[in-house]
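Asks: Pasting a structure below so you can have a look.
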Amino acid sequence: MDVRLPILVAILSFCTTELFAQTPVPDATPGSQRSHVKRFARVIPPLQAHLPLVERDHKNDFRNPPEAALPGPETPFDLALSWSTFQFPGAARESSAEQVIPQHFDLLCYNQHPVGPTIRVRPGSRVQIRLKNTLKGKPDTGHVKSSPLTSEKPHGFCSTNLHTHGLHISPNDPGDNVFRTVEPGQEWTYTYDIPPDHPSATCWYHPHKHGSVAYQLSNGLAGALIVEGPKKQEKNAPNDPVRNLEDIYEVAQAREAILILQLYNYSLDDEKIAVIDASTIYNVAPSSLGCEAIIVGDLANSDTPTLQATAVNGQIVPTLHMAPGEIQRWRIIHGSWDEIKPLTFADNNDQKTTDLRFREIACDGIATGGMAFLEENILELAPGQRSDVLIQAPMLPQGATRAIYYLKQEGVAGLKSFRGTKTDPNFLVKVVVSGAPKPMALPDPRLLARCRPYRNIEDFELSPPPKAFKDGILLNGVDVNQTYNINARTFYRYGTDENKSHTMLPISIDLNTAQEWTLTSADPVVDNNTDGDPTVYPNNHTFHIHVNPFQVVRYTDASGKTRPMNQWRDTLLIRGGESYSIRSRFRDFPGTAILHCHIMDHEDQGMMVPINFFDSTRPQPGKPQLKDSTSKLPPVSLPDAKGRQTDLATLRDQNLVVVFFRGAGCEHCTQQLRELLEVARRSPEFDAEIVAISSEKIASEAEALQMLKSDPSDRFRLLVDSERKTFSDFGCLRDDDPKHGLFLVARNGMIVSGYVGESPFGDHQEVRRRVSLLKDADAEASQ
Ligand SMILES: [Cu+2]
């Protein structure tokens with residue numbers, strides 16, 4: 001039985017009067033009841049390609065997303081993820097014999113609205129968001145890729161989490177931890193402490209659960225997250241403090257429009273309801289989904305069309321009104337999972353116009369310090385990027401009562417696109433200039449210049465990058481061979497144990513340093529194996545790093561020609577064969593974050609690297625102690641990462657430093673081991689073999705050794721105790737939870753000192769000292 005039928009009847013009768021309807025359908029919870037949908041072979045043009053030729057619904061007025069009423073710093077704001085059916089009468093108006101335009105969309109959404117509520121935060125404040133996953137489905141069990149050469153499969157579509165894109169906050173729980181998963185039926189409260197000196201910014205939030213991000217973003221799960229102080233109410237006096245854009249009267253008083261651009265990839269089900277189709281988002285069939293409502297088309301059927309609609313705040317081509325001479329501040333957020341969007345303005349005859357022009361005052365939320373016109377009046381946005389622009393409506397010619405314009409997304413030619421196929425132009429917003437003139441003044445450029453929040457990063461500040469990034473960061477991933485990787489490594493995870501189960505070891509980055517990295521997208525790839533014309537895969541990618549923004553200082557084109565740049569941002573488009581040099585100051589927040597490609601289907605398939613911000617300057621409170629011991633080494637026989645059994649008794653002819661650690665995913669552990677190995681390597685008197693015993697499986701010994709910067713000459717071996725028996729024997733298991741431990745074992749088989757604790761033993765010099773005492777003891781014994 002199809003349970004949606006009564007709902008549909010209700011919508012259809014209700015909607016004849018409801019003009020544009022983000023109105024959620026009451027009781028629309030089709031989640032677990034939905035059936036899978038049949039395939040579609042018809043090729044249907046995109047929704048918005050022919051707009052000016054068709055008279056639209058005039059009452060589809062532009063609306064900002066709803067504002068979240070935050071209840072206060074200690075009370076969480078509820079953000080509930082659920083299914084809802086929405087109607088799009090603006091889209092329904094446009095129909096012809098050739099086109100089938102959906103009137104209804106079934107979308108995953110926040111708080112029963114097609115775009116998430118705007119969350120506004122003050123610097124220095126605390127905001128708590130309780131994310132409620134009301135979906136029905138199985139927990140995300142992760143996925144093990146089948147070979148090192150293939151990428152991760154998309155998976156876990158009913159599992160979610162939340163990322164605050166652009167905020168400079170802690171990447172650890174309860175903050176912006178993207179390794180946390182909120183499973184169907186679960187909830188989790190995020191606490192974001194915004195630093196008092198956080199610059200004002202247009203940020204945004206969206207799910208970042210690895211494996212399902214593109215699917216969830218295609219449903220429209222995104223919202224604006226705005227950091228701002230009080231808005232200036234009077235004209236600025238010469239000595240007014242101006243730090244942020246809202247401290248400038250002309251900016252503060254400009255009407256604000258938030259434009260969240262979203263891309264729905266959909267199919268029509270048997271009732272002509274549009275549903276997001278996972279198969280047209282990914283180039284591979286997603287892994288077993290555990291999420292009953294997900295639509296997966298038939299990839300084998302090459303006729304399966306890619307149907308797309310681009311929404312602005314969940315509206316299709318809404319009408320935005322401006323008075324002649326009025327200046328508005330538009331916060332434009334590219335919240336789509338895919339596609340480069342070159343935005344322009346067209347007049348009512350679809351001719352490019354400069355009657356309306358973009359004056360960019362912030363780039364990825366970071367004030368530029370000016371309000372420059374953009375070259376050719378094109379605002380190019382890649383997924384994840386934001387632009388704050390001042391838009392001034394023209395005065396109307398004598399006798400005219402209104403002028404009509406369109407904010408338009410230009411088409412993109414094959415090599416410039418992400419998928420190698422040309423994209424069509426779209427009309428995004430209809431702008432109607434009419435009514436009484438409201439001439440407004442632009443802000444004083446001298447005040448704007450004071451809003452640039454970050455100093456340039458100078459050469460003398462730079463520290464060397466981590467070894468893994470010494471030769472740069474290469475983004476490489478094309479559909480033809482499905483190897484989405486960064487520096488030839490693909491991220492994937494297994495198991496449901498978040499934080500411990502990602503198999504790629506984090507790259508350590510020292511806080512309080514500034515570093516320069518070179519980012520390159522690999523060359524485009526031509527696939528000659530297809531029938532007819534060869535297919536070109538452009539290898540265009542979008543680099544994003546969490547927590548800390550960066551300064552772009554240099555651009556190198558595909559022919560190697562270089563030019564300097566100076567632009568602060570947090571998300572950067574890098575086309576195939578091109579390079580950028582970026583500099584970043586890593587500040588304030590230790591913990592594990594990520595860098596990744598913001599083309600989210602690439603990220604879901606493994607184009608992501610965990611990074612560990614560690615603070616080398618922070619003193620360790622309550623310094624752990626090695627305690628003397630006189631117990632005997634218990635029998636230890638464990639496999640190494642390749643399964644070869646090792647008996648510690650066979651190593652009795654040497655001193656041992658036995659380290660118990662919580663797997664390659666524990667950043668403290670890997671840091672401890674890396675440093676201990678380095679101390680041992682540099683100390684000729686360090687006469688002991690280091691035996692590291694992991695409580696977790698090690699997927700790749702080579703990767704682990706690389707992460708630990710282990711040299712082949714190191715006296716080091718890696719053993720695995722996934723049953724945790726040896727952990728238990730050494731007192732390193734409490735309530736089934738593995739602890740960190742370090743033990744010194746002398747040649748005579750006696751444990752002479754040991755440590756067990758919540759954090760790794762970090763005093764490597766003390767280990768070195770104790771090992772040298774062992775040597776003295778040997779010398780004494782032999783005398
Ligand atoms: Cu990519």
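Chain labels run A, B, ... following the order of the structure tokens; each chain numbers its residues from 1, and ligands are numbered from 1 in the order shown.
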Let me have all residues with an atom within 10 Å of ligand 1, counting only C-alpha atoms and all ligand atoms, laid out as a VMD selection string.
Replies: chain A and resid 338 418 475 to 478 484 to 486 521 539 to 543 573 to 575 596 to 608
Asks: Keeping only C-alpha atoms, write the selected residues as a tab-separated table (two decimals), in the first residue's frame.
Replies:
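Heads up, here's the output in selection.tsv:
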chain	number	residue	atom	x	y	z
A	338	ASP	CA	28.91	19.57	-6.97
A	418	PHE	CA	33.82	18.78	-12.55
A	475	LEU	CA	44.59	15.99	-5.44
A	476	ASN	CA	43.89	13.26	-7.94
A	477	GLY	CA	40.60	11.61	-8.73
A	478	VAL	CA	38.80	10.92	-11.94
A	484	TYR	CA	39.90	9.50	-5.45
A	485	ASN	CA	43.00	10.27	-3.47
A	486	ILE	CA	45.23	12.90	-1.90
A	521	SER	CA	45.31	19.01	-9.03
A	539	ASN	CA	40.54	16.42	-12.52
A	540	ASN	CA	39.20	19.69	-11.11
A	541	HIS	CA	38.99	19.68	-7.32
A	542	THR	CA	38.13	21.95	-4.44
A	543	PHE	CA	40.49	22.02	-1.46
A	573	LEU	CA	39.07	25.54	-6.61
A	574	ILE	CA	42.10	23.93	-8.28
A	575	ARG	CA	41.66	22.88	-11.89
A	596	HIS	CA	39.42	17.19	1.78
A	597	CYS	CA	37.98	17.84	-1.65
A	598	HIS	CA	34.73	19.78	-1.30
A	599	ILE	CA	33.23	18.08	-4.33
A	600	MET	CA	31.38	15.92	-1.90
A	601	ASP	CA	31.03	12.83	-4.05
A	602	HIS	CA	34.85	12.83	-4.26
A	603	GLU	CA	35.12	13.19	-0.49
A	604	ASP	CA	32.63	10.37	0.11
A	605	GLN	CA	34.84	8.18	-2.06
A	606	GLY	CA	37.97	8.87	-0.06
A	607	MET	CA	39.43	12.22	-1.08
A	608	MET	CA	40.14	13.27	2.47
Asks: What's the 10 Å shell around Pro506 of chain A, counting only C-alpha atoms, without same-chain residues fewer than 2 positions away, as a list in words?
Replies: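 My reading of the contact set: His502, Thr503, Met504, Ser508, Ile509, Thr592, Ala593, Ile594, Val609, Pro610, Ile611, Asn612, Phe613, Ala664, Gly665, Cys666, Glu667, Thr670, Gln671 and Met707 of chain A.
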Asks: Keeping C-alpha atoms, export the residues of the selection given above as a PDB file, in the first residue's frame.
Replies:
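Written file, out10.pdb:
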ATOM      1  CA  HIS A 502      39.487   5.459  10.233  1.00  0.00           C
ATOM      2  CA  THR A 503      42.338   3.679   8.661  1.00  0.00           C
ATOM      3  CA  MET A 504      44.385   6.588   7.423  1.00  0.00           C
ATOM      4  CA  SER A 508      50.549  15.916  12.443  1.00  0.00           C
ATOM      5  CA  ILE A 509      50.627  19.689  12.266  1.00  0.00           C
ATOM      6  CA  THR A 592      41.934  15.886  14.760  1.00  0.00           C
ATOM      7  CA  ALA A 593      40.350  17.685  11.846  1.00  0.00           C
ATOM      8  CA  ILE A 594      40.459  16.985   8.129  1.00  0.00           C
ATOM      9  CA  VAL A 609      43.045  13.286   4.914  1.00  0.00           C
ATOM     10  CA  PRO A 610      42.803  13.494   8.706  1.00  0.00           C
ATOM     11  CA  ILE A 611      45.144  16.051  10.227  1.00  0.00           C
ATOM     12  CA  ASN A 612      46.157  16.278  13.841  1.00  0.00           C
ATOM     13  CA  PHE A 613      46.812  19.723  15.243  1.00  0.00           C
ATOM     14  CA  ALA A 664      46.771   4.160  14.418  1.00  0.00           C
ATOM     15  CA  GLY A 665      43.650   6.293  14.755  1.00  0.00           C
ATOM     16  CA  CYS A 666      44.712   7.646  18.164  1.00  0.00           C
ATOM     17  CA  GLU A 667      46.610  10.819  17.393  1.00  0.00           C
ATOM     18  CA  THR A 670      51.009   8.019  16.999  1.00  0.00           C
ATOM     19  CA  GLN A 671      52.619  11.246  18.124  1.00  0.00           C
ATOM     20  CA  MET A 707      52.869   7.793   9.706  1.00  0.00           C
TER      21      MET A 707
END
Asks: So that I can see what lies close to Leu673 of chain A, please list as an mmCIF file with all heavy atoms, in the first residue's frame the residues with an atom at most 9 Å from it, counting only C-alpha atoms and leaving out residues fewer than 6 positions away in the same chain.
Replies:
data_model
loop_
_atom_site.group_PDB
_atom_site.id
_atom_site.type_symbol
_atom_site.label_atom_id
_atom_site.label_comp_id
_atom_site.auth_asym_id
_atom_site.auth_seq_id
_atom_site.Cartn_x
_atom_site.Cartn_y
_atom_site.Cartn_z
ATOM 1 N N VAL A 659 55.300 -0.600 24.360
ATOM 2 C CA VAL A 659 54.351 0.515 24.386
ATOM 3 C C VAL A 659 52.972 -0.019 24.009
ATOM 4 O O VAL A 659 52.808 -0.638 22.956
ATOM 5 C CB VAL A 659 54.768 1.624 23.391
ATOM 6 C CG1 VAL A 659 53.763 2.769 23.427
ATOM 7 C CG2 VAL A 659 56.167 2.126 23.704
ATOM 8 N N PHE A 661 49.337 0.933 22.823
ATOM 9 C CA PHE A 661 48.686 2.111 22.234
ATOM 10 C C PHE A 661 47.368 1.731 21.586
ATOM 11 O O PHE A 661 47.103 0.552 21.336
ATOM 12 C CB PHE A 661 49.625 2.837 21.270
ATOM 13 C CG PHE A 661 49.821 2.176 19.930
ATOM 14 C CD1 PHE A 661 49.326 2.769 18.770
ATOM 15 C CD2 PHE A 661 50.512 0.977 19.823
ATOM 16 C CE1 PHE A 661 49.519 2.172 17.533
ATOM 17 C CE2 PHE A 661 50.708 0.380 18.585
ATOM 18 C CZ PHE A 661 50.207 0.979 17.445
ATOM 19 N N ALA A 692 55.690 -1.913 19.917
ATOM 20 C CA ALA A 692 54.420 -1.211 20.094
ATOM 21 C C ALA A 692 53.286 -2.207 19.885
ATOM 22 O O ALA A 692 53.246 -2.914 18.878
ATOM 23 C CB ALA A 692 54.312 -0.065 19.104
ATOM 24 N N LEU A 708 54.371 6.904 11.356
ATOM 25 C CA LEU A 708 55.259 6.997 12.519
ATOM 26 C C LEU A 708 56.641 7.495 12.125
ATOM 27 O O LEU A 708 57.523 7.595 12.960
ATOM 28 C CB LEU A 708 55.365 5.622 13.189
ATOM 29 C CG LEU A 708 54.051 5.101 13.786
ATOM 30 C CD1 LEU A 708 54.187 3.645 14.202
ATOM 31 C CD2 LEU A 708 53.634 5.944 14.978
ATOM 32 N N PRO A 760 49.149 8.827 26.610
ATOM 33 C CA PRO A 760 50.422 8.140 26.394
ATOM 34 C C PRO A 760 51.512 8.732 27.288
ATOM 35 O O PRO A 760 51.446 9.895 27.657
ATOM 36 C CB PRO A 760 50.729 8.418 24.917
ATOM 37 C CG PRO A 760 49.478 8.923 24.314
ATOM 38 C CD PRO A 760 48.679 9.540 25.402
#
Asks: Which residues of segment 291-370 of chain A sit at most 6 Å from segment 434-445 of chain A, using only C-alpha atoms? Give each one's shortest atom pair and distance in Å (one decimal place), in chain and ascending residue order, as a tab-separated table.
Replies:
residue	atom	partner	partner_atom	distance
A:Ala323	CA	A:Ser434	CA	5.4
A:Pro324	CA	A:Pro437	CA	4.6
A:Gly325	CA	A:Pro439	CA	4.1
A:Glu326	CA	A:Lys438	CA	5.2
Asks: Just the selected residues (C-alpha atoms), exported as a PDB file, in the first residue's frame, please.
Replies:
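The resulting file, again_36.pdb, is reproduced below:
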ATOM      1  CA  ALA A 323      14.069  49.669  -4.811  1.00  0.00           C
ATOM      2  CA  PRO A 324      15.878  51.783  -7.431  1.00  0.00           C
ATOM      3  CA  GLY A 325      19.229  52.868  -5.968  1.00  0.00           C
ATOM      4  CA  GLU A 326      18.976  50.449  -3.055  1.00  0.00           C
TER       5      GLU A 326
END
Asks: Output as a ChimeraX atom specification all residues of segment 188-426 of chain A that backbone DSSP marks as strand (DSSP E or B).
Replies: /A:188-193,201-206,223-227,255-268,273-277,295,307-312,315,319-322,327-334,341-347,352,359-363,366-373,379-381,386-392,402-409,412,423,426
Asks: Pull C-alpha atoms from the residues just selected and write them as a short mmCIF file (atom, residue, chain, number, x, y, z; two decimals), in the first residue's frame.
Replies:
data_model
loop_
_atom_site.label_atom_id
_atom_site.label_comp_id
_atom_site.auth_asym_id
_atom_site.auth_seq_id
_atom_site.Cartn_x
_atom_site.Cartn_y
_atom_site.Cartn_z
CA TRP A 188 23.99 14.43 19.82
CA THR A 189 24.51 17.89 21.24
CA TYR A 190 27.27 19.94 19.68
CA THR A 191 28.72 22.76 21.75
CA TYR A 192 30.46 25.49 19.82
CA ASP A 193 32.51 28.01 21.81
CA ALA A 201 31.89 35.71 8.88
CA THR A 202 29.38 34.10 6.58
CA CYS A 203 29.84 30.43 7.39
CA TRP A 204 27.48 27.52 6.89
CA TYR A 205 26.68 24.16 8.36
CA HIS A 206 26.02 20.83 6.70
CA GLY A 223 22.02 26.24 6.55
CA ALA A 224 23.74 29.58 7.07
CA LEU A 225 25.88 30.11 10.15
CA ILE A 226 26.67 33.75 10.65
CA VAL A 227 29.16 35.22 13.09
CA ARG A 255 19.11 44.80 3.61
CA GLU A 256 20.54 41.30 3.91
CA ALA A 257 19.69 38.50 1.55
CA ILE A 258 21.06 35.03 2.24
CA LEU A 259 21.23 32.88 -0.88
CA ILE A 260 21.99 29.22 -0.24
CA LEU A 261 22.46 27.53 -3.59
CA GLN A 262 21.50 23.89 -3.63
CA LEU A 263 21.58 21.28 -6.34
CA TYR A 264 18.95 18.57 -6.33
CA ASN A 265 19.84 15.51 -8.40
CA TYR A 266 16.59 13.66 -8.70
CA SER A 267 14.45 11.08 -10.41
CA LEU A 268 10.67 11.01 -10.59
CA ILE A 273 7.35 13.10 -7.07
CA ALA A 274 10.98 14.09 -7.33
CA VAL A 275 13.30 12.11 -5.10
CA ILE A 276 17.04 12.53 -4.78
CA ASP A 277 18.70 9.79 -6.77
CA ILE A 295 16.58 5.82 -4.27
CA LEU A 307 17.77 15.50 -13.64
CA GLN A 308 18.81 18.60 -11.84
CA ALA A 309 17.23 21.60 -10.25
CA THR A 310 19.08 24.39 -8.48
CA ALA A 311 17.25 25.91 -5.57
CA VAL A 312 17.92 29.13 -3.71
CA GLN A 315 12.92 27.97 -3.81
CA THR A 319 11.57 36.89 -7.13
CA LEU A 320 13.67 39.31 -5.11
CA HIS A 321 12.54 42.93 -4.95
CA MET A 322 14.81 45.95 -4.83
CA ILE A 327 22.07 48.57 -1.88
CA GLN A 328 21.64 45.07 -0.53
CA ARG A 329 24.17 42.79 1.08
CA TRP A 330 23.92 39.32 -0.38
CA ARG A 331 25.53 36.46 1.46
CA ILE A 332 25.84 33.83 -1.26
CA ILE A 333 26.64 30.30 -0.11
CA HIS A 334 27.48 27.54 -2.58
CA LYS A 341 28.76 28.10 -10.53
CA PRO A 342 29.85 31.17 -12.48
CA LEU A 343 27.21 33.70 -11.42
CA THR A 344 26.26 36.62 -13.64
CA PHE A 345 23.36 39.00 -14.16
CA ALA A 346 21.13 38.91 -17.24
CA ASP A 347 18.41 41.31 -18.29
CA LYS A 352 24.39 39.84 -19.95
CA ARG A 359 31.08 44.25 -5.29
CA GLU A 360 32.77 41.57 -3.21
CA ILE A 361 33.34 42.54 0.44
CA ALA A 362 34.07 39.08 1.84
CA CYS A 363 35.38 35.88 0.37
CA ILE A 366 36.57 36.66 5.35
CA ALA A 367 36.43 40.41 4.72
CA THR A 368 38.52 41.29 1.68
CA GLY A 369 39.29 44.78 2.95
CA GLY A 370 37.67 46.34 -0.12
CA MET A 371 34.66 46.14 -2.40
CA ALA A 372 36.24 45.40 -5.76
CA PHE A 373 34.10 44.80 -8.82
CA LEU A 379 31.30 35.60 -9.47
CA GLU A 380 32.69 32.09 -9.74
CA LEU A 381 31.83 29.87 -6.79
CA ARG A 386 30.86 31.86 -0.01
CA SER A 387 30.85 35.41 -1.22
CA ASP A 388 29.44 38.50 0.46
CA VAL A 389 28.61 41.07 -2.18
CA LEU A 390 27.04 44.51 -2.20
CA ILE A 391 24.49 44.78 -5.00
CA GLN A 392 23.10 48.17 -5.96
CA ARG A 402 10.16 48.47 -13.22
CA ALA A 403 13.15 46.59 -14.56
CA ILE A 404 13.63 42.85 -14.49
CA TYR A 405 16.92 41.04 -14.13
CA TYR A 406 18.06 37.54 -13.39
CA LEU A 407 20.82 36.22 -11.22
CA LYS A 408 22.03 33.50 -13.50
CA GLN A 409 24.37 30.58 -13.31
CA VAL A 412 30.40 25.56 -17.91
CA THR A 423 26.61 22.13 -17.80
CA ASN A 426 20.29 28.21 -14.99
#
Asks: What does the distance from atom CA of Tyr110 of chain A to atom CA of Phe491 of chain A come to in Å, to one decimal?
Replies: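 Value for the atom CA of Tyr110 of chain A-atom CA of Phe491 of chain A distance: 27.9 Å.
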Asks: Smallest atom-to-atom distance to Pro590 of chain A: which of A:Lys627, A:Arg682, A:Arg674, A:His168, using only C-alpha atoms?
Replies: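 Closest to Pro590 of chain A of all the choices is A:His168.
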Asks: Ranking A:Gly156, A:Gly762, A:Pro199, A:Gly335 by minimum distance to Val182 of chain A and counting only C-alpha atoms, which one comes first?
Replies: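 Among the listed residues, the smallest separation from Val182 of chain A belongs to A:Gly156.
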Asks: Grab the atom CA of Ala699 of chain A to atom CA of Gly663 of chain A distance for me, in Å with one decimal place.
Replies: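 Distance between the two atoms: 10.2 Å.
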